[in-house]
Amino acid sequence: MDYIDLRSDTVTKPTPEMREAMAEAEVGDDVFGDDPTVNHLEELAAEMLGKEAALFVPSGTMGNLIALLVHCQRGDEVIVGNQSHVYLNEAGGMSALGGIQPCPVQNQPDGTLALDDISASIRTEDVHHPITRLICLENTQNICGGVPLTPEHTQRVGELARANNLFLHIDGARVFNAAAAQNISARELVEPADSVMFCLSKGLASPIGSMVVGTRKFISRARHIRKMLGGGMRQVGIVAAAGIISLEKMTKRLGEDHARAKKMANGLRQVKGLDVDADSPYTNMVYLNVSEDVKINSNRIGERMKELGVLVDADNTRRLRLVTHYWIDDAAVEKAVSAFREVLN
Ligand code: TLP
């Protein structure tokens with residue numbers, strides 16, 4: 001059965017054009033720097049993000065970890081959102097593998113970190129204190145609704161970082177969604193950042209892979225750490241070929257996913273028993289709650305939806321996130337809304 005899969009945009013399978021490019025990709029040993037397709041992808045990513053250099057990495061999690069390991073020494077502290085992926089969903093890698101301590105600051109409902117909160121979290125010079133080294137932003141901010149951070153906010157955080165001799169890293173897993181939603185370039189959005197990680201394997205539909213971008217010096221250190229983590233890959237142009245299509249083509253169509261998320265949210269607002277968040281969606285994520293008066297639990301909702309051909313990521317809470325992507329067309333949106341209506345009746 002071909003499911004309508006709304007669990008995440010990570011589920012996107014490669015497009016037929018990607019599969020063709022992958023089959024025909026020119027390859028070489030990328031650890032030797034010999035893979036022309038990877039080299040092309042890295043140049044393209046650096047160019048599009050307005051940074052000097054880029055590195056192809058297996059996952060967003062490894063990309064964020066590499067960036068943190070380049071910027072920080074053991075015992076350093078990183079200011080992160082308390083709802084950020086790097087803090088909540090990366091298996092504690094920064095502490096376990098880097099000896100880096102996260103300093104969580106509350107994410108505001110709009111995904112931002114309040115400048116006063118950041119300032120208050122920067123350690124003073126004191127023999128007792130860890131050294132604050134880095135501020136980490138997430139754009140789009142996933143848990144806060146897939147909300148895009150504005151270039152103005154990013155600029156202000158960048159200024160604060162510079163004034164305090166700190167680095168700024170952006171977890172831009174979905175930075176092209178953030179750019180599309182605000183009708184600006186990703187390059188403009190990440191201008192104040194020293195490093196950015198973004199994913200090819202989410203809304204950009206590649207099967208695998210993320211990119212880390214920054215200065216040449218930063219990327220050369222990052223390449224070393226990628227090897228240390230076991231992320232040096234060989235004839236990986238096979239995968240990078242899809243990444244090139246992600247950057248050249250898929251970045252231009254994300255508005256369609258955002259429009260379909262809106263259409264889905266509007267449809268679900270008519271379904272009794274579902275409370276779609278007031279401002280949802282900002283990009284490709286619809287966030288909603290199952291109302292308290294619905295007696296069936298969310299696990300059961302997930303099972304029933306699956307029987308009707310729709311996959312949703314339902315755990316035991318009443319909160320649901322539905323994500324649109326390349327493989328969700330208008331008919332899929334309509335089918336998903338009617339499946340919810342049937343299950344909740
Ligand atoms: N996010 C996944 C899950 O891990 C939650 C998802 O379905 O949204 N940064 C952000 C903001 C992310 O949302 C994710 C993945 C990552 C980093 C990690 O990327 P991968 O999965 O490639 O390691």
# chains A, B, ... in the order shown; residues from 1 in each chain; ligands from 1
>>> select_by_dssp(residues="region 126-263 of chain A", states="strand (DSSP E or B)", output="NGL selection string")
:A and (131-138 or 141 or 147 or 167-171 or 195-199 or 210-214)
>>> write_last_selection(atoms="N, CA, C and O atoms", output="tab-separated table (two decimals), in the first residue's frame")
chain	number	residue	atom	x	y	z
A	131	ILE	N	33.40	28.25	30.15
A	131	ILE	CA	33.56	29.36	29.21
A	131	ILE	C	32.46	29.29	28.15
A	131	ILE	O	32.31	28.27	27.48
A	132	THR	N	31.66	30.35	28.06
A	132	THR	CA	30.63	30.38	27.00
A	132	THR	C	31.35	30.58	25.68
A	132	THR	O	32.18	31.48	25.53
A	133	ARG	N	31.04	29.71	24.70
A	133	ARG	CA	31.79	29.75	23.44
A	133	ARG	C	30.90	30.02	22.23
A	133	ARG	O	31.34	30.56	21.24
A	134	LEU	N	29.64	29.59	22.34
A	134	LEU	CA	28.84	29.51	21.11
A	134	LEU	C	27.36	29.74	21.43
A	134	LEU	O	26.88	29.34	22.50
A	135	ILE	N	26.67	30.38	20.48
A	135	ILE	CA	25.20	30.45	20.54
A	135	ILE	C	24.68	29.64	19.36
A	135	ILE	O	25.23	29.69	18.27
A	136	CYS	N	23.62	28.89	19.62
A	136	CYS	CA	23.05	28.03	18.59
A	136	CYS	C	21.59	28.41	18.34
A	136	CYS	O	20.79	28.41	19.29
A	137	LEU	N	21.25	28.76	17.11
A	137	LEU	CA	19.85	29.03	16.76
A	137	LEU	C	19.34	27.89	15.86
A	137	LEU	O	20.15	27.23	15.22
A	138	GLU	N	18.04	27.71	15.81
A	138	GLU	CA	17.46	26.69	14.93
A	138	GLU	C	16.44	27.35	14.00
A	138	GLU	O	15.52	28.02	14.47
A	141	GLN	N	12.42	26.72	13.44
A	141	GLN	CA	12.39	26.10	14.76
A	141	GLN	C	11.28	25.05	14.73
A	141	GLN	O	10.09	25.39	14.66
A	147	VAL	N	8.47	27.28	12.83
A	147	VAL	CA	8.41	28.73	12.62
A	147	VAL	C	9.76	29.25	12.11
A	147	VAL	O	10.82	28.84	12.61
A	167	PHE	N	30.87	32.48	19.01
A	167	PHE	CA	30.50	32.06	17.66
A	167	PHE	C	28.99	31.89	17.58
A	167	PHE	O	28.33	31.66	18.60
A	168	LEU	N	28.47	31.97	16.36
A	168	LEU	CA	27.04	31.69	16.13
A	168	LEU	C	26.92	30.54	15.13
A	168	LEU	O	27.44	30.62	14.02
A	169	HIS	N	26.24	29.47	15.57
A	169	HIS	CA	25.95	28.34	14.67
A	169	HIS	C	24.44	28.28	14.45
A	169	HIS	O	23.67	28.47	15.39
A	170	ILE	N	24.04	28.02	13.22
A	170	ILE	CA	22.61	27.84	12.94
A	170	ILE	C	22.35	26.40	12.54
A	170	ILE	O	22.96	25.89	11.59
A	171	ASP	N	21.47	25.74	13.31
A	171	ASP	CA	20.92	24.46	12.88
A	171	ASP	C	19.83	24.82	11.88
A	171	ASP	O	18.69	25.11	12.26
A	195	SER	N	28.77	29.38	11.25
A	195	SER	CA	28.59	28.07	10.62
A	195	SER	C	27.10	27.76	10.54
A	195	SER	O	26.30	28.26	11.35
A	196	VAL	N	26.76	26.96	9.54
A	196	VAL	CA	25.37	26.55	9.35
A	196	VAL	C	25.37	25.07	8.97
A	196	VAL	O	26.23	24.63	8.20
A	197	MET	N	24.42	24.33	9.53
A	197	MET	CA	24.15	22.97	9.06
A	197	MET	C	22.79	23.03	8.39
A	197	MET	O	21.87	23.65	8.92
A	198	PHE	N	22.67	22.43	7.21
A	198	PHE	CA	21.32	22.25	6.65
A	198	PHE	C	21.19	20.86	6.04
A	198	PHE	O	22.19	20.22	5.71
A	199	CYS	N	19.95	20.41	5.93
A	199	CYS	CA	19.70	19.03	5.50
A	199	CYS	C	19.20	18.97	4.06
A	199	CYS	O	18.31	19.73	3.67
A	210	SER	N	23.49	15.84	4.72
A	210	SER	CA	23.37	17.23	5.18
A	210	SER	C	24.66	17.94	4.82
A	210	SER	O	25.66	17.28	4.46
A	211	MET	N	24.65	19.25	4.92
A	211	MET	CA	25.83	20.05	4.62
A	211	MET	C	26.17	20.91	5.82
A	211	MET	O	25.28	21.39	6.53
A	212	VAL	N	27.48	21.11	6.02
A	212	VAL	CA	27.94	22.10	6.99
A	212	VAL	C	28.69	23.15	6.20
A	212	VAL	O	29.49	22.80	5.32
A	213	VAL	N	28.42	24.42	6.46
A	213	VAL	CA	29.13	25.49	5.74
A	213	VAL	C	29.77	26.46	6.72
A	213	VAL	O	29.31	26.62	7.85
A	214	GLY	N	30.85	27.09	6.28
A	214	GLY	CA	31.56	28.07	7.11
A	214	GLY	C	32.80	28.57	6.39
A	214	GLY	O	32.90	28.44	5.15
>>> residues_near_ligand(ligand="ligand 1", cutoff="7 Å", atoms="only C-alpha atoms and all ligand atoms", output="list in words")
Ser8, Asp9, Thr10, Ser59, Gly60, Thr61, Met62, Ser84, His85, Val86, Asn89, Glu138, Thr140, Gln141, Asn142, Asp171, Gly172, Ala173, Arg174, Cys199, Ser201, Gly209 and Ser210 of chain A
>>> residues_around(residues="Thr317 (chain A)", least_positions_apart="4", cutoff="12 Å", atoms="only C-alpha atoms", output="number ranges by chain")
A: 288-292, 296-302, 313, 321
>>> residues_around(residues="Leu149 (chain A)", least_positions_apart="6", cutoff="7 Å", atoms="only C-alpha atoms", output="VMD selection string")
chain A and resid 111 to 112 139 to 140
>>> closest_atom_pairs(of="region 39-102 of chain A", to="region 225-231 of chain A", cutoff="7 Å", atoms="only C-alpha atoms", output="tab-separated table")
residue	atom	partner	partner_atom	distance
A:Val57	CA	A:Gly231	CA	6.7
A:Pro58	CA	A:Gly231	CA	6.6
A:Ile66	CA	A:Ile225	CA	6.3
>>> write_last_selection(atoms="C-alpha atoms", output="PDB file, in the first residue's frame")
ATOM      1  CA  VAL A  57      28.014  14.859   6.017  1.00  0.00           C
ATOM      2  CA  PRO A  58      25.815  11.787   6.530  1.00  0.00           C
ATOM      3  CA  ILE A  66      30.904  18.477  13.981  1.00  0.00           C
TER       4      ILE A  66
END
>>> atom_distance(atom1="CA of Asp35 (chain A)", atom2="CA of Leu204 (chain A)")
21.7 Å
>>> closest_residue(among="A:Ala53, A:Ala178, A:Val11, A:Leu41", to="Ser246 (chain A)", atoms="only C-alpha atoms")
A:Leu41
>>> closest_residue(among="A:Ala23, A:Val157, A:Ala240, A:Ile4", to="Asn39 (chain A)", atoms="only C-alpha atoms")
A:Ala240
>>> residues_around(residues="Leu268 (chain A)", least_positions_apart="2", cutoff="12 Å", atoms="only C-alpha atoms", output="VMD selection string")
chain A and resid 261 to 266 270 to 278 280 to 281 286 to 290 320 322 333 to 342 344
>>> select_by_dssp(residues="region 15-149 of chain A", states="helix (DSSP H, G or I)", output="number ranges by chain")
A: 16-24, 30-32, 36-49, 60-71, 85-88, 93-98, 115-121
>>> atom_distance(atom1="CA of Asp194 (chain A)", atom2="CA of Asp126 (chain A)")
26.0 Å
>>> closest_residue(among="A:Asp5, A:Asp117, A:Asp76, A:Glu17", to="Gly99 (chain A)", atoms="only C-alpha atoms")
A:Asp76
>>> atom_distance(atom1="CA of Asp34 (chain A)", atom2="CA of Gly232 (chain A)")
12.5 Å
>>> closest_residue(among="A:Leu55, A:Ala314, A:Leu166, A:Met48", to="Met233 (chain A)", atoms="only C-alpha atoms")
A:Leu55
>>> residues_around(residues="Glu303 (chain A)", least_positions_apart="6", cutoff="10 Å", atoms="only C-alpha atoms", output="PyMOL selection string")
chain A and resi 309-312+314+343
